[in-house]
>>> print(open('final19.pdb').read())   # PDB, C-alpha atoms, pLDDT in the B column
ATOM      1  CA  PHE C  19       0.000   0.000   0.000  1.00 71.00           C
ATOM      2  CA  GLY C  20       2.856   2.388   0.833  1.00 77.00           C
ATOM      3  CA  ALA C  21       4.322   1.904  -2.650  1.00 85.00           C
ATOM      4  CA  VAL C  22       1.024   2.983  -4.211  1.00 88.00           C
ATOM      5  CA  ILE C  23       0.886   6.123  -2.043  1.00 81.00           C
ATOM      6  CA  ASN C  24       4.491   6.960  -2.935  1.00 81.00           C
ATOM      7  CA  ALA C  25       3.776   6.481  -6.643  1.00 86.00           C
ATOM      8  CA  ILE C  26       0.737   8.786  -6.446  1.00 85.00           C
ATOM      9  CA  GLY C  27       2.776  11.398  -4.589  1.00 81.00           C
ATOM     10  CA  ARG C  28       5.569  11.155  -7.161  1.00 84.00           C
ATOM     11  CA  ARG C  29       3.098  11.607 -10.039  1.00 88.00           C
ATOM     12  CA  MET C  30       1.479  14.571  -8.300  1.00 84.00           C
ATOM     13  CA  LYS C  31       4.854  16.249  -7.772  1.00 85.00           C
ATOM     14  CA  GLU C  32       5.765  15.697 -11.425  1.00 87.00           C
ATOM     15  CA  SER C  33       2.456  17.002 -12.781  1.00 87.00           C
ATOM     16  CA  LEU C  34       2.573  20.044 -10.475  1.00 83.00           C
ATOM     17  CA  GLU C  35       6.274  20.569 -11.274  1.00 86.00           C
ATOM     18  CA  LEU C  36       7.177  20.528  -7.590  1.00 81.00           C
ATOM     19  CA  PRO C  37      10.827  20.137  -6.625  1.00 84.00           C
ATOM     20  CA  ASP C  38      12.089  16.609  -5.984  1.00 80.00           C
ATOM     21  CA  ASP C  39      12.764  17.447  -2.338  1.00 84.00           C
ATOM     22  CA  PHE C  40       9.184  18.686  -1.758  1.00 80.00           C
ATOM     23  CA  ARG C  41       7.731  16.811   1.207  1.00 80.00           C
ATOM     24  CA  MET C  42       4.094  16.208   0.305  1.00 75.00           C
ATOM     25  CA  ASN C  43       2.741  15.671   3.844  1.00 75.00           C
ATOM     26  CA  HIS C  44       4.588  18.699   5.187  1.00 77.00           C
ATOM     27  CA  GLY C  45       3.307  20.793   2.287  1.00 76.00           C
ATOM     28  CA  LEU C  46      -0.259  19.692   2.901  1.00 79.00           C
ATOM     29  CA  ARG C  47       0.046  20.526   6.617  1.00 81.00           C
ATOM     30  CA  HIS C  48       1.275  24.001   5.689  1.00 80.00           C
ATOM     31  CA  VAL C  49      -1.651  24.525   3.292  1.00 80.00           C
ATOM     32  CA  PHE C  50      -4.090  23.329   5.963  1.00 84.00           C
ATOM     33  CA  ALA C  51      -2.612  25.747   8.510  1.00 83.00           C
ATOM     34  CA  ALA C  52      -2.711  28.665   6.066  1.00 81.00           C
ATOM     35  CA  TRP C  53      -6.320  27.959   5.055  1.00 82.00           C
ATOM     36  CA  MET C  54      -7.450  27.660   8.649  1.00 84.00           C
ATOM     37  CA  ALA C  55      -5.603  30.854   9.604  1.00 81.00           C
ATOM     38  CA  ARG C  56      -7.112  32.733   6.660  1.00 78.00           C
ATOM     39  CA  SER C  57     -10.601  31.569   7.590  1.00 80.00           C
ATOM     40  CA  GLY C  58     -10.466  33.638  10.771  1.00 76.00           C
ATOM     41  CA  LYS C  59     -12.523  30.966  12.492  1.00 85.00           C
ATOM     42  CA  VAL C  60      -9.724  29.624  14.699  1.00 84.00           C
ATOM     43  CA  SER C  61      -7.236  31.366  16.929  1.00 83.00           C
ATOM     44  CA  VAL C  62      -3.528  30.659  16.671  1.00 82.00           C
ATOM     45  CA  TYR C  63      -3.869  28.673  19.904  1.00 87.00           C
ATOM     46  CA  GLU C  64      -6.645  26.503  18.478  1.00 90.00           C
ATOM     47  CA  LEU C  65      -4.698  26.011  15.261  1.00 88.00           C
ATOM     48  CA  SER C  66      -1.637  25.085  17.282  1.00 89.00           C
ATOM     49  CA  ALA C  67      -3.646  22.344  18.988  1.00 92.00           C
ATOM     50  CA  LEU C  68      -5.063  21.122  15.671  1.00 90.00           C
ATOM     51  CA  MET C  69      -1.556  20.955  14.229  1.00 89.00           C
ATOM     52  CA  THR C  70      -0.303  19.235  17.418  1.00 91.00           C
ATOM     53  CA  HIS C  71       2.483  21.789  17.724  1.00 88.00           C
ATOM     54  CA  SER C  72       4.253  22.080  21.054  1.00 90.00           C
ATOM     55  CA  SER C  73       3.580  25.820  21.189  1.00 85.00           C
ATOM     56  CA  PRO C  74       1.798  28.593  19.268  1.00 83.00           C
ATOM     57  CA  ALA C  75       5.243  29.963  18.368  1.00 83.00           C
ATOM     58  CA  MET C  76       5.780  26.920  16.154  1.00 83.00           C
ATOM     59  CA  THR C  77       2.407  27.490  14.480  1.00 82.00           C
ATOM     60  CA  LYS C  78       3.268  31.119  13.747  1.00 78.00           C
ATOM     61  CA  ARG C  79       6.229  29.903  11.693  1.00 73.00           C
ATOM     62  CA  TYR C  80       3.884  28.074   9.340  1.00 66.00           C
ATOM     63  CA  ILE C  81       1.181  30.667   8.856  1.00 67.00           C
ATOM     64  CA  SER C  82       1.240  34.135   7.446  1.00 62.00           C
ATOM     65  CA  PHE C  83      -1.269  36.893   7.710  1.00 60.00           C
ATOM     66  CA  PHE C  84      -2.759  38.348   4.591  1.00 61.00           C
ATOM     67  CA  PRO C  85      -3.490  42.074   4.215  1.00 61.00           C
ATOM     68  CA  GLU C  86      -7.148  41.584   3.291  1.00 65.00           C
ATOM     69  CA  GLU C  87      -7.789  39.459   6.391  1.00 63.00           C
ATOM     70  CA  LEU C  88      -6.094  42.031   8.594  1.00 61.00           C
ATOM     71  CA  ARG C  89      -8.233  44.748   7.029  1.00 63.00           C
ATOM     72  CA  ASN C  90     -11.348  42.657   7.721  1.00 67.00           C
ATOM     73  CA  LYS C  91     -10.286  42.347  11.373  1.00 68.00           C
ATOM     74  CA  LEU C  92      -9.831  46.107  11.581  1.00 65.00           C
ATOM     75  CA  ASP C  93     -13.264  46.636  10.036  1.00 68.00           C
ATOM     76  CA  ALA C  94     -14.727  44.255  12.628  1.00 70.00           C
ATOM     77  CA  ALA C  95     -13.056  46.241  15.410  1.00 67.00           C
ATOM     78  CA  GLU C  96     -14.463  49.482  14.041  1.00 67.00           C
ATOM     79  CA  ASP C  97     -17.936  47.906  13.948  1.00 71.00           C
ATOM     80  CA  THR C  98     -17.570  46.637  17.511  1.00 71.00           C
ATOM     81  CA  LEU C  99     -15.956  49.572  19.292  1.00 68.00           C
ATOM     82  CA  PRO C 100     -17.839  52.785  20.020  1.00 66.00           C
ATOM     83  CA  ILE C 101     -15.468  54.886  17.919  1.00 57.00           C
ATOM     84  CA  GLY C 102     -16.817  58.260  16.877  1.00 54.00           C
ATOM     85  CA  THR C 103     -20.068  57.903  18.767  1.00 50.00           C
ATOM     86  CA  SER C 104     -21.409  60.251  21.375  1.00 49.00           C
ATOM     87  CA  SER C 105     -21.268  57.772  24.231  1.00 49.00           C
ATOM     88  CA  GLY C 106     -20.323  60.479  26.711  1.00 47.00           C
ATOM     89  CA  ASN C 107     -16.863  59.029  27.478  1.00 49.00           C
TER      90      ASN C 107
END
>>> encode(input="final19.pdb", output="structure tokens")
Amino acid sequence: FGAVINAIGRRMKESLELPDDFRMNHGLRHVFAAWMARSGKVSVYELSALMTHSSPAMTKRYISFFPEELRNKLDAAEDTLPIGTSSGN
């Protein structure tokens, strides 16, 4: 069974023109982490647990933040906080 999996992985790497040293499982973990981080539905701590990393610092090495997601977070903060309102504070 392992030989079949290796053959499929080799064919995928060839068809996608990935480098020979590309580690398929590691690459898929990285994609999973990036997609989950981009979704905004999990915190870095939750993602760290899902990835079974020993600490969130390890998780931060595998994910990056995208400008549009950061802008969305800022927009959410503006919608949540009483900025520019006459709350009397």
>>> closest_residue(input="final19.pdb", among="C:Thr98, C:Asn24, C:Ser61, C:Thr77", to="C:Arg41", atoms="only C-alpha atoms")
C:Asn24
>>> atom_distance(input="final19.pdb", atom1="atom CA of C:Ser66", atom2="atom CA of C:Val49")
14.0 Å
>>> atom_distance(input="final19.pdb", atom1="atom CA of C:Ala25", atom2="atom CA of C:Leu68")
28.1 Å
>>> residues_near_point(input="final19.pdb", point="(-3.1, 23.0, 13.4)", cutoff="10 Å", atoms="only C-alpha atoms", output="mmCIF file with C-alpha atoms, keeping the file's coordinate frame")
data_model
loop_
_atom_site.group_PDB
_atom_site.id
_atom_site.type_symbol
_atom_site.label_atom_id
_atom_site.label_comp_id
_atom_site.auth_asym_id
_atom_site.auth_seq_id
_atom_site.Cartn_x
_atom_site.Cartn_y
_atom_site.Cartn_z
ATOM 1 C CA ARG C 47 0.046 20.526 6.617
ATOM 2 C CA HIS C 48 1.275 24.001 5.689
ATOM 3 C CA PHE C 50 -4.090 23.329 5.963
ATOM 4 C CA ALA C 51 -2.612 25.747 8.510
ATOM 5 C CA ALA C 52 -2.711 28.665 6.066
ATOM 6 C CA MET C 54 -7.450 27.660 8.649
ATOM 7 C CA ALA C 55 -5.603 30.854 9.604
ATOM 8 C CA VAL C 60 -9.724 29.624 14.699
ATOM 9 C CA SER C 61 -7.236 31.366 16.929
ATOM 10 C CA VAL C 62 -3.528 30.659 16.671
ATOM 11 C CA TYR C 63 -3.869 28.673 19.904
ATOM 12 C CA GLU C 64 -6.645 26.503 18.478
ATOM 13 C CA LEU C 65 -4.698 26.011 15.261
ATOM 14 C CA SER C 66 -1.637 25.085 17.282
ATOM 15 C CA ALA C 67 -3.646 22.344 18.988
ATOM 16 C CA LEU C 68 -5.063 21.122 15.671
ATOM 17 C CA MET C 69 -1.556 20.955 14.229
ATOM 18 C CA THR C 70 -0.303 19.235 17.418
ATOM 19 C CA HIS C 71 2.483 21.789 17.724
ATOM 20 C CA PRO C 74 1.798 28.593 19.268
ATOM 21 C CA THR C 77 2.407 27.490 14.480
ATOM 22 C CA TYR C 80 3.884 28.074 9.340
ATOM 23 C CA ILE C 81 1.181 30.667 8.856
#
>>> atom_distance(input="final19.pdb", atom1="atom CA of C:Met42", atom2="atom CA of C:Lys78")
20.1 Å
>>> decode(input="final19.pdb", residues="stretch 43-59 of chain C", atoms="all heavy atoms", output="short mmCIF file (atom, residue, chain, number, x, y, z; two decimals), in the first residue's frame")
data_model
loop_
_atom_site.label_atom_id
_atom_site.label_comp_id
_atom_site.auth_asym_id
_atom_site.auth_seq_id
_atom_site.Cartn_x
_atom_site.Cartn_y
_atom_site.Cartn_z
N ASN C 43 3.51 15.55 2.60
CA ASN C 43 2.74 15.67 3.84
C ASN C 43 3.01 17.00 4.53
O ASN C 43 2.08 17.64 5.04
CB ASN C 43 3.05 14.51 4.79
CG ASN C 43 2.46 13.22 4.30
OD1 ASN C 43 1.56 13.21 3.48
ND2 ASN C 43 2.98 12.12 4.80
N HIS C 44 4.25 17.42 4.56
CA HIS C 44 4.59 18.70 5.19
C HIS C 44 3.91 19.84 4.43
O HIS C 44 3.36 20.76 5.03
CB HIS C 44 6.11 18.88 5.21
CG HIS C 44 6.53 20.16 5.85
ND1 HIS C 44 6.54 20.34 7.21
CD2 HIS C 44 6.93 21.34 5.31
CE1 HIS C 44 6.93 21.57 7.49
NE2 HIS C 44 7.18 22.19 6.35
N GLY C 45 3.95 19.77 3.11
CA GLY C 45 3.31 20.79 2.29
C GLY C 45 1.81 20.87 2.53
O GLY C 45 1.23 21.95 2.63
N LEU C 46 1.18 19.71 2.65
CA LEU C 46 -0.26 19.69 2.90
C LEU C 46 -0.60 20.24 4.28
O LEU C 46 -1.60 20.93 4.46
CB LEU C 46 -0.81 18.27 2.74
CG LEU C 46 -0.77 17.72 1.31
CD1 LEU C 46 -1.19 16.26 1.29
CD2 LEU C 46 -1.63 18.55 0.38
N ARG C 47 0.25 19.95 5.28
CA ARG C 47 0.05 20.53 6.62
C ARG C 47 0.13 22.05 6.57
O ARG C 47 -0.64 22.75 7.19
CB ARG C 47 1.08 19.98 7.61
CG ARG C 47 0.77 18.60 8.12
CD ARG C 47 1.86 18.10 9.06
NE ARG C 47 2.13 18.97 10.19
CZ ARG C 47 1.50 18.90 11.36
NH1 ARG C 47 0.56 18.01 11.54
NH2 ARG C 47 1.82 19.72 12.35
N HIS C 48 1.10 22.56 5.80
CA HIS C 48 1.27 24.00 5.69
C HIS C 48 0.04 24.63 5.03
O HIS C 48 -0.46 25.66 5.49
CB HIS C 48 2.53 24.32 4.89
CG HIS C 48 2.77 25.78 4.73
ND1 HIS C 48 3.35 26.55 5.72
CD2 HIS C 48 2.47 26.63 3.72
CE1 HIS C 48 3.41 27.80 5.30
NE2 HIS C 48 2.88 27.88 4.10
N VAL C 49 -0.45 24.01 3.98
CA VAL C 49 -1.65 24.53 3.29
C VAL C 49 -2.84 24.51 4.24
O VAL C 49 -3.60 25.48 4.33
CB VAL C 49 -1.94 23.71 2.01
CG1 VAL C 49 -3.31 24.04 1.45
CG2 VAL C 49 -0.85 23.97 0.97
N PHE C 50 -3.01 23.42 4.99
CA PHE C 50 -4.09 23.33 5.96
C PHE C 50 -4.00 24.47 6.97
O PHE C 50 -4.98 25.17 7.24
CB PHE C 50 -4.03 21.97 6.68
CG PHE C 50 -4.97 21.87 7.86
CD1 PHE C 50 -6.31 21.63 7.67
CD2 PHE C 50 -4.49 22.03 9.15
CE1 PHE C 50 -7.18 21.54 8.76
CE2 PHE C 50 -5.35 21.93 10.23
CZ PHE C 50 -6.69 21.69 10.04
N ALA C 51 -2.80 24.69 7.51
CA ALA C 51 -2.61 25.75 8.51
C ALA C 51 -2.93 27.12 7.92
O ALA C 51 -3.60 27.93 8.55
CB ALA C 51 -1.19 25.72 9.06
N ALA C 52 -2.46 27.36 6.71
CA ALA C 52 -2.71 28.67 6.07
C ALA C 52 -4.20 28.86 5.81
O ALA C 52 -4.74 29.95 6.07
CB ALA C 52 -1.92 28.77 4.77
N TRP C 53 -4.88 27.84 5.32
CA TRP C 53 -6.32 27.96 5.06
C TRP C 53 -7.10 28.20 6.34
O TRP C 53 -8.00 29.03 6.36
CB TRP C 53 -6.85 26.72 4.35
CG TRP C 53 -6.55 26.66 2.88
CD1 TRP C 53 -5.99 27.64 2.12
CD2 TRP C 53 -6.78 25.55 2.02
NE1 TRP C 53 -5.87 27.20 0.82
CE2 TRP C 53 -6.35 25.93 0.74
CE3 TRP C 53 -7.30 24.29 2.21
CZ2 TRP C 53 -6.43 25.08 -0.35
CZ3 TRP C 53 -7.39 23.45 1.13
CH2 TRP C 53 -6.96 23.84 -0.14
N MET C 54 -6.75 27.47 7.38
CA MET C 54 -7.45 27.66 8.65
C MET C 54 -7.19 29.06 9.21
O MET C 54 -8.10 29.71 9.71
CB MET C 54 -7.04 26.59 9.66
CG MET C 54 -7.51 25.19 9.31
SD MET C 54 -9.30 25.04 9.21
CE MET C 54 -9.74 25.24 10.93
N ALA C 55 -5.94 29.52 9.11
CA ALA C 55 -5.60 30.85 9.60
C ALA C 55 -6.36 31.92 8.81
O ALA C 55 -6.88 32.87 9.38
CB ALA C 55 -4.10 31.08 9.52
N ARG C 56 -6.41 31.76 7.50
CA ARG C 56 -7.11 32.73 6.66
C ARG C 56 -8.61 32.75 6.93
O ARG C 56 -9.26 33.78 6.72
CB ARG C 56 -6.88 32.43 5.18
CG ARG C 56 -5.52 32.82 4.70
CD ARG C 56 -5.44 32.72 3.22
NE ARG C 56 -6.04 33.92 2.65
CZ ARG C 56 -5.97 34.24 1.38
NH1 ARG C 56 -5.33 33.47 0.55
NH2 ARG C 56 -6.53 35.34 0.94
N SER C 57 -9.15 31.63 7.37
CA SER C 57 -10.60 31.57 7.59
C SER C 57 -11.04 32.51 8.70
O SER C 57 -12.17 32.97 8.71
CB SER C 57 -11.04 30.14 7.94
OG SER C 57 -10.72 29.83 9.29
N GLY C 58 -10.12 32.78 9.65
CA GLY C 58 -10.47 33.64 10.77
C GLY C 58 -11.37 32.96 11.79
O GLY C 58 -11.83 33.59 12.73
N LYS C 59 -11.61 31.68 11.61
CA LYS C 59 -12.52 30.97 12.49
C LYS C 59 -11.82 30.26 13.63
O LYS C 59 -12.47 29.70 14.51
CB LYS C 59 -13.34 29.96 11.69
CG LYS C 59 -14.25 30.64 10.68
CD LYS C 59 -15.05 29.65 9.89
CE LYS C 59 -15.94 30.39 8.90
NZ LYS C 59 -16.71 29.47 8.08
#
